[in-house]
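> The following block contains the structure, expressed as structure tokens.
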Amino acid sequence: MQLAHAIATSFRQQFQHEPLLVRAPGRVNLIGEHTDYNAGFVLPAAVDKEIFFAVGLNQTDTIRLVAHDLNKRFSVAAAGVQRSSTGWANYLLGVVAQFQKRGIVVPGFDCVFGGNIPMGAGMSSSAAVECGLAFALDHLLGTQLDRMTLAHMAQKAEHEFALVQCGLMDQFASLFGRQGQVVRLDCRSLEYEYFPFDTTAAQVVLCNSGVKHSLASSEYNTRRQECEQGVAVLRQHYPTLETLRDATPEQVQQHAAELGDVVYRRCRYVTEENRRVEAAGRHLLAGDLQAFGQEMYASHAGLRDQYEVSCRELDVLVATAQSAPGVYGARMMGGGFGGCTINLVAPAQVESFIAHQTAAYQQQLGLSLETYTASIVAGVSEYPAPAEG
């Protein structure tokens, strides 16, 4: 892998000692959108867009970080780690702080990292950065923390240092990915289950709309509030109900008038999406990609009409995918208002699908389209260090 070699070489040249090499993957989420903060189900997979780390203890009291892709450096005393004004460094510093909060002494270390996860494509490059360093430090310091603990530490690093109140899915997917399998996470109990995903039958293709509407963050917070309002109303009838995870579409329907149109549609979407994730797992076990794809289309329709987090660009991409040969399913992926659509495409049709989507996007919206194909890979792991030279 050229990138891993470049990172290792850069480390040796700058720091003159041998690094531990770690790879941390980005992720896609096949189905289960906006369900995580409602304590529901998600179905992510780790993919072969990755970040590589070369990390080694340096026998000093200084942490030296190098962002290979940005060609930028950052140094700080190991004992004095706090949030900095250097945005990219915060993802790493936040991880160090989580070790320190556990009473673990983190000595000085050197770190060079860089990757090929497309920025702004919703593949969770930030989670890969956090999880890769957490795994490397755990290894170097011999702390033997389990992967779920590392995922929580990486999530807290994002909350406290990057100031993004993310759910656990991204960090979980980066650490728990398995080659050729997707993993269903119950966001309440944190129980998880693997399902086979036959990559010879379907290729994951992402179409990047190239837009990010400014609505995204404010509307995200509004959706969370609307879900909470729905829970407050439903709880009057079902006192044991804690989150929308505990509600059924039938219960939501029954109290539609009381919920009011907007909150009703939000709650309806979340309860139906949880059912779709569970159905999607059954379809994978049965090897039925057609049925799985139908759940994806239904998910997109719900995100567009009930949850109202789609946008014209995403809707055009999903509609054009529906008419392309060899496509099992498509939907918007991520928070919404831009970003990518995720498409499952028969491998023999991938090239013609990309050409079809690119032409349609240009023709209908006058926009150029970036696409990525992704394979499903294992989660964060040590990477064999390429030899010098």
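How things are named: the first chain in the structure tokens is A, the next is B, and so on; residues count from 1 in each chain; ligands count from 1 in the order shown.
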Can you list, as an mmCIF file with all heavy atoms, in the first residue's frame, every residue of region 214-262 of chain A that DSSP puts in helix (DSSP H, G or I)?

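Here's the written file result-v3.cif:
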data_model
loop_
_atom_site.group_PDB
_atom_site.id
_atom_site.type_symbol
_atom_site.label_atom_id
_atom_site.label_comp_id
_atom_site.auth_asym_id
_atom_site.auth_seq_id
_atom_site.Cartn_x
_atom_site.Cartn_y
_atom_site.Cartn_z
ATOM 1 N N LEU A 215 -28.350 24.359 6.149
ATOM 2 C CA LEU A 215 -29.392 23.901 7.084
ATOM 3 C C LEU A 215 -28.931 22.762 7.985
ATOM 4 O O LEU A 215 -29.490 22.556 9.063
ATOM 5 C CB LEU A 215 -30.579 23.354 6.263
ATOM 6 C CG LEU A 215 -31.451 24.340 5.505
ATOM 7 C CD1 LEU A 215 -32.287 23.600 4.484
ATOM 8 C CD2 LEU A 215 -32.341 25.068 6.489
ATOM 9 N N ALA A 216 -27.925 22.021 7.531
ATOM 10 C CA ALA A 216 -27.628 20.718 8.143
ATOM 11 C C ALA A 216 -27.580 20.734 9.667
ATOM 12 O O ALA A 216 -28.305 19.993 10.317
ATOM 13 C CB ALA A 216 -26.346 20.149 7.573
ATOM 14 N N SER A 217 -26.740 21.583 10.282
ATOM 15 C CA SER A 217 -26.565 21.460 11.729
ATOM 16 C C SER A 217 -27.764 21.977 12.516
ATOM 17 O O SER A 217 -28.183 21.362 13.489
ATOM 18 C CB SER A 217 -25.276 22.140 12.177
ATOM 19 O OG SER A 217 -25.218 23.432 11.640
ATOM 20 N N SER A 218 -28.346 23.094 12.085
ATOM 21 C CA SER A 218 -29.487 23.622 12.839
ATOM 22 C C SER A 218 -30.692 22.683 12.729
ATOM 23 O O SER A 218 -31.407 22.443 13.710
ATOM 24 C CB SER A 218 -29.866 25.017 12.342
ATOM 25 O OG SER A 218 -30.250 24.959 10.986
ATOM 26 N N GLU A 219 -30.904 22.126 11.538
ATOM 27 C CA GLU A 219 -32.037 21.220 11.343
ATOM 28 C C GLU A 219 -31.830 19.914 12.108
ATOM 29 O O GLU A 219 -32.780 19.304 12.582
ATOM 30 C CB GLU A 219 -32.253 20.925 9.853
ATOM 31 C CG GLU A 219 -32.783 22.118 9.079
ATOM 32 C CD GLU A 219 -34.219 22.482 9.446
ATOM 33 O OE1 GLU A 219 -35.009 21.589 9.800
ATOM 34 O OE2 GLU A 219 -34.564 23.680 9.382
ATOM 35 N N TYR A 220 -30.586 19.483 12.230
ATOM 36 C CA TYR A 220 -30.268 18.262 12.996
ATOM 37 C C TYR A 220 -30.744 18.436 14.437
ATOM 38 O O TYR A 220 -31.419 17.575 14.999
ATOM 39 C CB TYR A 220 -28.757 18.022 12.946
ATOM 40 C CG TYR A 220 -28.264 16.857 13.776
ATOM 41 C CD1 TYR A 220 -28.281 15.556 13.266
ATOM 42 C CD2 TYR A 220 -27.765 17.048 15.062
ATOM 43 C CE1 TYR A 220 -27.818 14.491 14.014
ATOM 44 C CE2 TYR A 220 -27.295 15.985 15.820
ATOM 45 C CZ TYR A 220 -27.327 14.714 15.296
ATOM 46 O OH TYR A 220 -26.875 13.659 16.048
ATOM 47 N N ASN A 221 -30.412 19.580 15.026
ATOM 48 C CA ASN A 221 -30.830 19.845 16.406
ATOM 49 C C ASN A 221 -32.345 19.933 16.520
ATOM 50 O O ASN A 221 -32.945 19.460 17.490
ATOM 51 C CB ASN A 221 -30.180 21.133 16.922
ATOM 52 C CG ASN A 221 -28.679 20.973 17.085
ATOM 53 O OD1 ASN A 221 -28.198 19.866 17.286
ATOM 54 N ND2 ASN A 221 -27.933 22.051 16.983
ATOM 55 N N THR A 222 -32.972 20.546 15.512
ATOM 56 C CA THR A 222 -34.439 20.649 15.498
ATOM 57 C C THR A 222 -35.073 19.259 15.459
ATOM 58 O O THR A 222 -36.044 18.996 16.172
ATOM 59 C CB THR A 222 -34.909 21.467 14.276
ATOM 60 O OG1 THR A 222 -34.265 22.732 14.316
ATOM 61 C CG2 THR A 222 -36.411 21.670 14.278
ATOM 62 N N ARG A 223 -34.518 18.359 14.617
ATOM 63 C CA ARG A 223 -35.069 16.998 14.529
ATOM 64 C C ARG A 223 -34.982 16.284 15.881
ATOM 65 O O ARG A 223 -35.902 15.584 16.288
ATOM 66 C CB ARG A 223 -34.331 16.161 13.466
ATOM 67 C CG ARG A 223 -34.523 16.609 12.033
ATOM 68 C CD ARG A 223 -35.973 16.568 11.584
ATOM 69 N NE ARG A 223 -36.103 17.142 10.254
ATOM 70 C CZ ARG A 223 -36.128 18.441 10.000
ATOM 71 N NH1 ARG A 223 -36.043 19.320 10.992
ATOM 72 N NH2 ARG A 223 -36.262 18.892 8.765
ATOM 73 N N ARG A 224 -33.881 16.469 16.563
ATOM 74 C CA ARG A 224 -33.739 15.830 17.883
ATOM 75 C C ARG A 224 -34.825 16.333 18.828
ATOM 76 O O ARG A 224 -35.442 15.554 19.566
ATOM 77 C CB ARG A 224 -32.346 16.111 18.471
ATOM 78 C CG ARG A 224 -31.224 15.420 17.732
ATOM 79 C CD ARG A 224 -29.899 15.504 18.461
ATOM 80 N NE ARG A 224 -29.855 14.615 19.606
ATOM 81 C CZ ARG A 224 -28.777 13.942 19.995
ATOM 82 N NH1 ARG A 224 -27.656 14.058 19.317
ATOM 83 N NH2 ARG A 224 -28.798 13.161 21.049
ATOM 84 N N GLN A 225 -35.071 17.639 18.789
ATOM 85 C CA GLN A 225 -36.110 18.226 19.664
ATOM 86 C C GLN A 225 -37.496 17.703 19.291
ATOM 87 O O GLN A 225 -38.318 17.400 20.170
ATOM 88 C CB GLN A 225 -36.088 19.755 19.554
ATOM 89 C CG GLN A 225 -34.878 20.395 20.239
ATOM 90 C CD GLN A 225 -34.592 21.791 19.701
ATOM 91 O OE1 GLN A 225 -35.371 22.348 18.930
ATOM 92 N NE2 GLN A 225 -33.456 22.346 20.105
ATOM 93 N N GLU A 226 -37.762 17.599 17.986
ATOM 94 C CA GLU A 226 -39.077 17.120 17.536
ATOM 95 C C GLU A 226 -39.318 15.687 17.997
ATOM 96 O O GLU A 226 -40.427 15.327 18.408
ATOM 97 C CB GLU A 226 -39.178 17.236 16.009
ATOM 98 C CG GLU A 226 -39.316 18.682 15.554
ATOM 99 C CD GLU A 226 -39.018 18.898 14.074
ATOM 100 O OE1 GLU A 226 -38.439 18.001 13.420
ATOM 101 O OE2 GLU A 226 -39.352 19.987 13.568
ATOM 102 N N CYS A 227 -38.256 14.874 17.952
ATOM 103 C CA CYS A 227 -38.380 13.489 18.431
ATOM 104 C C CYS A 227 -38.673 13.470 19.930
ATOM 105 O O CYS A 227 -39.500 12.679 20.399
ATOM 106 C CB CYS A 227 -37.096 12.707 18.126
ATOM 107 S SG CYS A 227 -36.856 12.413 16.365
ATOM 108 N N GLU A 228 -37.999 14.344 20.663
ATOM 109 C CA GLU A 228 -38.226 14.418 22.118
ATOM 110 C C GLU A 228 -39.655 14.870 22.425
ATOM 111 O O GLU A 228 -40.295 14.370 23.365
ATOM 112 C CB GLU A 228 -37.209 15.364 22.762
ATOM 113 C CG GLU A 228 -35.817 14.734 22.899
ATOM 114 C CD GLU A 228 -34.703 15.753 23.068
ATOM 115 O OE1 GLU A 228 -35.004 16.921 23.416
ATOM 116 O OE2 GLU A 228 -33.537 15.385 22.845
ATOM 117 N N GLN A 229 -40.168 15.816 21.615
ATOM 118 C CA GLN A 229 -41.564 16.260 21.798
ATOM 119 C C GLN A 229 -42.514 15.087 21.591
ATOM 120 O O GLN A 229 -43.480 14.903 22.340
ATOM 121 C CB GLN A 229 -41.919 17.357 20.787
ATOM 122 C CG GLN A 229 -41.319 18.728 21.099
ATOM 123 C CD GLN A 229 -41.440 19.663 19.887
ATOM 124 O OE1 GLN A 229 -42.366 19.543 19.092
ATOM 125 N NE2 GLN A 229 -40.503 20.581 19.745
ATOM 126 N N GLY A 230 -42.233 14.300 20.556
ATOM 127 C CA GLY A 230 -43.066 13.129 20.262
ATOM 128 C C GLY A 230 -43.064 12.143 21.417
ATOM 129 O O GLY A 230 -44.109 11.619 21.813
ATOM 130 N N VAL A 231 -41.883 11.914 21.983
ATOM 131 C CA VAL A 231 -41.766 10.986 23.119
ATOM 132 C C VAL A 231 -42.591 11.501 24.304
ATOM 133 O O VAL A 231 -43.298 10.728 24.967
ATOM 134 C CB VAL A 231 -40.279 10.795 23.524
ATOM 135 C CG1 VAL A 231 -40.166 10.060 24.859
ATOM 136 C CG2 VAL A 231 -39.535 10.029 22.428
ATOM 137 N N ALA A 232 -42.532 12.811 24.562
ATOM 138 C CA ALA A 232 -43.281 13.398 25.690
ATOM 139 C C ALA A 232 -44.787 13.165 25.534
ATOM 140 O O ALA A 232 -45.488 12.839 26.500
ATOM 141 C CB ALA A 232 -42.977 14.881 25.799
ATOM 142 N N VAL A 233 -45.290 13.310 24.306
ATOM 143 C CA VAL A 233 -46.721 13.089 24.050
ATOM 144 C C VAL A 233 -47.064 11.604 24.216
ATOM 145 O O VAL A 233 -48.029 11.236 24.905
ATOM 146 C CB VAL A 233 -47.106 13.572 22.630
ATOM 147 C CG1 VAL A 233 -48.523 13.120 22.263
ATOM 148 C CG2 VAL A 233 -46.985 15.090 22.533
ATOM 149 N N LEU A 234 -46.263 10.749 23.600
ATOM 150 C CA LEU A 234 -46.557 9.306 23.617
ATOM 151 C C LEU A 234 -46.449 8.729 25.028
ATOM 152 O O LEU A 234 -47.174 7.798 25.389
ATOM 153 C CB LEU A 234 -45.617 8.560 22.657
ATOM 154 C CG LEU A 234 -45.841 8.859 21.170
ATOM 155 C CD1 LEU A 234 -44.694 8.317 20.326
ATOM 156 C CD2 LEU A 234 -47.170 8.267 20.688
ATOM 157 N N ARG A 235 -45.555 9.296 25.830
ATOM 158 C CA ARG A 235 -45.338 8.772 27.183
ATOM 159 C C ARG A 235 -46.595 8.914 28.056
ATOM 160 O O ARG A 235 -46.801 8.150 28.995
ATOM 161 C CB ARG A 235 -44.146 9.488 27.825
ATOM 162 C CG ARG A 235 -43.631 8.763 29.062
ATOM 163 C CD ARG A 235 -42.434 9.461 29.678
ATOM 164 N NE ARG A 235 -41.216 9.171 28.957
ATOM 165 C CZ ARG A 235 -40.243 10.066 28.738
ATOM 166 N NH1 ARG A 235 -40.375 11.310 29.181
ATOM 167 N NH2 ARG A 235 -39.154 9.733 28.100
ATOM 168 N N LEU A 244 -38.089 6.921 21.126
ATOM 169 C CA LEU A 244 -38.898 6.449 19.990
ATOM 170 C C LEU A 244 -38.596 4.993 19.652
ATOM 171 O O LEU A 244 -39.394 4.330 18.998
ATOM 172 C CB LEU A 244 -38.660 7.331 18.761
ATOM 173 C CG LEU A 244 -39.347 8.698 18.812
ATOM 174 C CD1 LEU A 244 -39.016 9.505 17.576
ATOM 175 C CD2 LEU A 244 -40.867 8.556 18.960
ATOM 176 N N ARG A 245 -37.475 4.502 20.116
ATOM 177 C CA ARG A 245 -37.141 3.087 19.931
ATOM 178 C C ARG A 245 -38.242 2.187 20.518
ATOM 179 O O ARG A 245 -38.502 1.098 20.037
ATOM 180 C CB ARG A 245 -35.794 2.841 20.605
ATOM 181 C CG ARG A 245 -35.504 1.444 21.089
ATOM 182 C CD ARG A 245 -35.338 0.492 19.898
ATOM 183 N NE ARG A 245 -35.078 -0.827 20.419
ATOM 184 C CZ ARG A 245 -33.896 -1.243 20.820
ATOM 185 N NH1 ARG A 245 -32.860 -0.438 20.782
ATOM 186 N NH2 ARG A 245 -33.728 -2.469 21.255
ATOM 187 N N ASP A 246 -38.882 2.654 21.581
ATOM 188 C CA ASP A 246 -39.886 1.841 22.274
ATOM 189 C C ASP A 246 -41.270 1.956 21.626
ATOM 190 O O ASP A 246 -42.201 1.254 22.027
ATOM 191 C CB ASP A 246 -39.998 2.276 23.744
ATOM 192 C CG ASP A 246 -38.660 2.188 24.452
ATOM 193 O OD1 ASP A 246 -37.987 1.159 24.313
ATOM 194 O OD2 ASP A 246 -38.284 3.158 25.137
ATOM 195 N N PRO A 249 -44.911 2.137 14.811
ATOM 196 C CA PRO A 249 -45.613 3.017 13.868
ATOM 197 C C PRO A 249 -47.115 3.069 14.150
ATOM 198 O O PRO A 249 -47.749 4.108 13.973
ATOM 199 C CB PRO A 249 -45.337 2.370 12.503
ATOM 200 C CG PRO A 249 -44.077 1.584 12.685
ATOM 201 C CD PRO A 249 -44.103 1.113 14.110
ATOM 202 N N GLU A 250 -47.668 1.935 14.635
ATOM 203 C CA GLU A 250 -49.106 1.874 14.913
ATOM 204 C C GLU A 250 -49.480 2.811 16.073
ATOM 205 O O GLU A 250 -50.503 3.510 16.027
ATOM 206 C CB GLU A 250 -49.527 0.433 15.248
ATOM 207 C CG GLU A 250 -49.426 -0.538 14.076
ATOM 208 C CD GLU A 250 -48.001 -0.982 13.753
ATOM 209 O OE1 GLU A 250 -47.090 -0.812 14.607
ATOM 210 O OE2 GLU A 250 -47.789 -1.503 12.640
ATOM 211 N N GLN A 251 -48.635 2.839 17.103
ATOM 212 C CA GLN A 251 -48.896 3.731 18.244
ATOM 213 C C GLN A 251 -48.810 5.196 17.804
ATOM 214 O O GLN A 251 -49.629 6.035 18.212
ATOM 215 C CB GLN A 251 -47.889 3.455 19.364
ATOM 216 C CG GLN A 251 -48.123 2.141 20.078
ATOM 217 C CD GLN A 251 -46.970 1.780 21.002
ATOM 218 O OE1 GLN A 251 -45.837 2.224 20.816
ATOM 219 N NE2 GLN A 251 -47.249 0.957 22.004
ATOM 220 N N VAL A 252 -47.808 5.486 16.974
ATOM 221 C CA VAL A 252 -47.641 6.857 16.468
ATOM 222 C C VAL A 252 -48.881 7.261 15.661
ATOM 223 O O VAL A 252 -49.428 8.357 15.830
ATOM 224 C CB VAL A 252 -46.351 6.961 15.616
ATOM 225 C CG1 VAL A 252 -46.274 8.309 14.914
ATOM 226 C CG2 VAL A 252 -45.112 6.748 16.488
ATOM 227 N N GLN A 253 -49.330 6.352 14.808
ATOM 228 C CA GLN A 253 -50.514 6.603 13.972
ATOM 229 C C GLN A 253 -51.749 6.898 14.832
ATOM 230 O O GLN A 253 -52.511 7.827 14.561
ATOM 231 C CB GLN A 253 -50.756 5.355 13.105
ATOM 232 C CG GLN A 253 -52.002 5.403 12.239
ATOM 233 C CD GLN A 253 -51.821 6.318 11.047
ATOM 234 O OE1 GLN A 253 -50.904 6.163 10.262
ATOM 235 N NE2 GLN A 253 -52.697 7.313 10.919
ATOM 236 N N GLN A 254 -51.869 6.121 15.900
ATOM 237 C CA GLN A 254 -53.041 6.242 16.776
ATOM 238 C C GLN A 254 -53.130 7.628 17.418
ATOM 239 O O GLN A 254 -54.220 8.130 17.687
ATOM 240 C CB GLN A 254 -52.926 5.178 17.884
ATOM 241 C CG GLN A 254 -54.259 4.746 18.435
ATOM 242 C CD GLN A 254 -54.068 3.637 19.479
ATOM 243 O OE1 GLN A 254 -53.130 2.855 19.394
ATOM 244 N NE2 GLN A 254 -54.941 3.601 20.453
ATOM 245 N N ALA A 256 -51.796 10.490 16.112
ATOM 246 C CA ALA A 256 -51.365 11.458 15.099
ATOM 247 C C ALA A 256 -51.910 12.859 15.376
ATOM 248 O O ALA A 256 -51.170 13.855 15.322
ATOM 249 C CB ALA A 256 -51.791 10.993 13.715
ATOM 250 N N ALA A 257 -53.182 12.945 15.702
ATOM 251 C CA ALA A 257 -53.813 14.265 15.887
ATOM 252 C C ALA A 257 -53.154 15.018 17.041
ATOM 253 O O ALA A 257 -52.873 16.223 16.950
ATOM 254 C CB ALA A 257 -55.304 14.092 16.152
ATOM 255 N N GLU A 258 -52.879 14.283 18.094
ATOM 256 C CA GLU A 258 -52.285 14.885 19.283
ATOM 257 C C GLU A 258 -50.826 15.319 19.035
ATOM 258 O O GLU A 258 -50.363 16.327 19.563
ATOM 259 C CB GLU A 258 -52.305 13.821 20.386
ATOM 260 C CG GLU A 258 -52.348 14.364 21.783
ATOM 261 C CD GLU A 258 -52.382 13.217 22.786
ATOM 262 O OE1 GLU A 258 -52.939 12.135 22.443
ATOM 263 O OE2 GLU A 258 -51.837 13.414 23.876
ATOM 264 N N LEU A 259 -50.128 14.528 18.235
ATOM 265 C CA LEU A 259 -48.721 14.832 17.942
ATOM 266 C C LEU A 259 -48.595 16.062 17.041
ATOM 267 O O LEU A 259 -47.620 16.806 17.123
ATOM 268 C CB LEU A 259 -48.049 13.632 17.256
ATOM 269 C CG LEU A 259 -47.775 12.417 18.154
ATOM 270 C CD1 LEU A 259 -47.518 11.172 17.308
ATOM 271 C CD2 LEU A 259 -46.597 12.677 19.080
ATOM 272 N N ASP A 261 -49.001 17.472 12.851
ATOM 273 C CA ASP A 261 -48.499 16.957 11.574
ATOM 274 C C ASP A 261 -46.990 16.735 11.546
ATOM 275 O O ASP A 261 -46.514 15.659 11.212
ATOM 276 C CB ASP A 261 -48.911 17.911 10.438
ATOM 277 C CG ASP A 261 -48.329 17.462 9.109
ATOM 278 O OD1 ASP A 261 -48.546 16.286 8.740
ATOM 279 O OD2 ASP A 261 -47.622 18.252 8.464
ATOM 280 N N VAL A 262 -46.213 17.746 11.939
ATOM 281 C CA VAL A 262 -44.751 17.655 11.785
ATOM 282 C C VAL A 262 -44.164 16.599 12.710
ATOM 283 O O VAL A 262 -43.437 15.697 12.277
ATOM 284 C CB VAL A 262 -44.079 19.034 12.027
ATOM 285 C CG1 VAL A 262 -42.559 18.896 12.078
ATOM 286 C CG2 VAL A 262 -44.479 20.007 10.924
#
> Under the rule of at most 9 Å, produce a per-residue listing of region 276-385 of chain A near region 124-144 of chain A: chain, number, name, the closest pair of atoms, and the distance in Å, as a tab-separated table, using only C-alpha atoms.

residue	atom	partner	partner_atom	distance
A:Val380	CA	A:Gly132	CA	6.4
A:Ser381	CA	A:Phe135	CA	7.8
A:Glu382	CA	A:Ala136	CA	8.0
> For Ala162 (chain A), which residue out of A:Gln306, A:Gln294, A:Gln82, A:Asn274 is the nearest one, using only C-alpha atoms?
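Closest candidate: A:Gln82.
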> Just checking: using only C-alpha atoms, which residue out of A:Gly40, A:Gly94, A:Gly26, A:Gly87 ends up closest to Met153 (chain A)?
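Among the listed residues, A:Gly94 lies closest to Met153 (chain A).
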> When you count only C-alpha atoms, which of these residues is closest to Met169 (chain A): A:Gly114, A:Gly334, A:Gly108, A:Gly103?
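Among the listed residues, A:Gly334 lies closest to Met169 (chain A).
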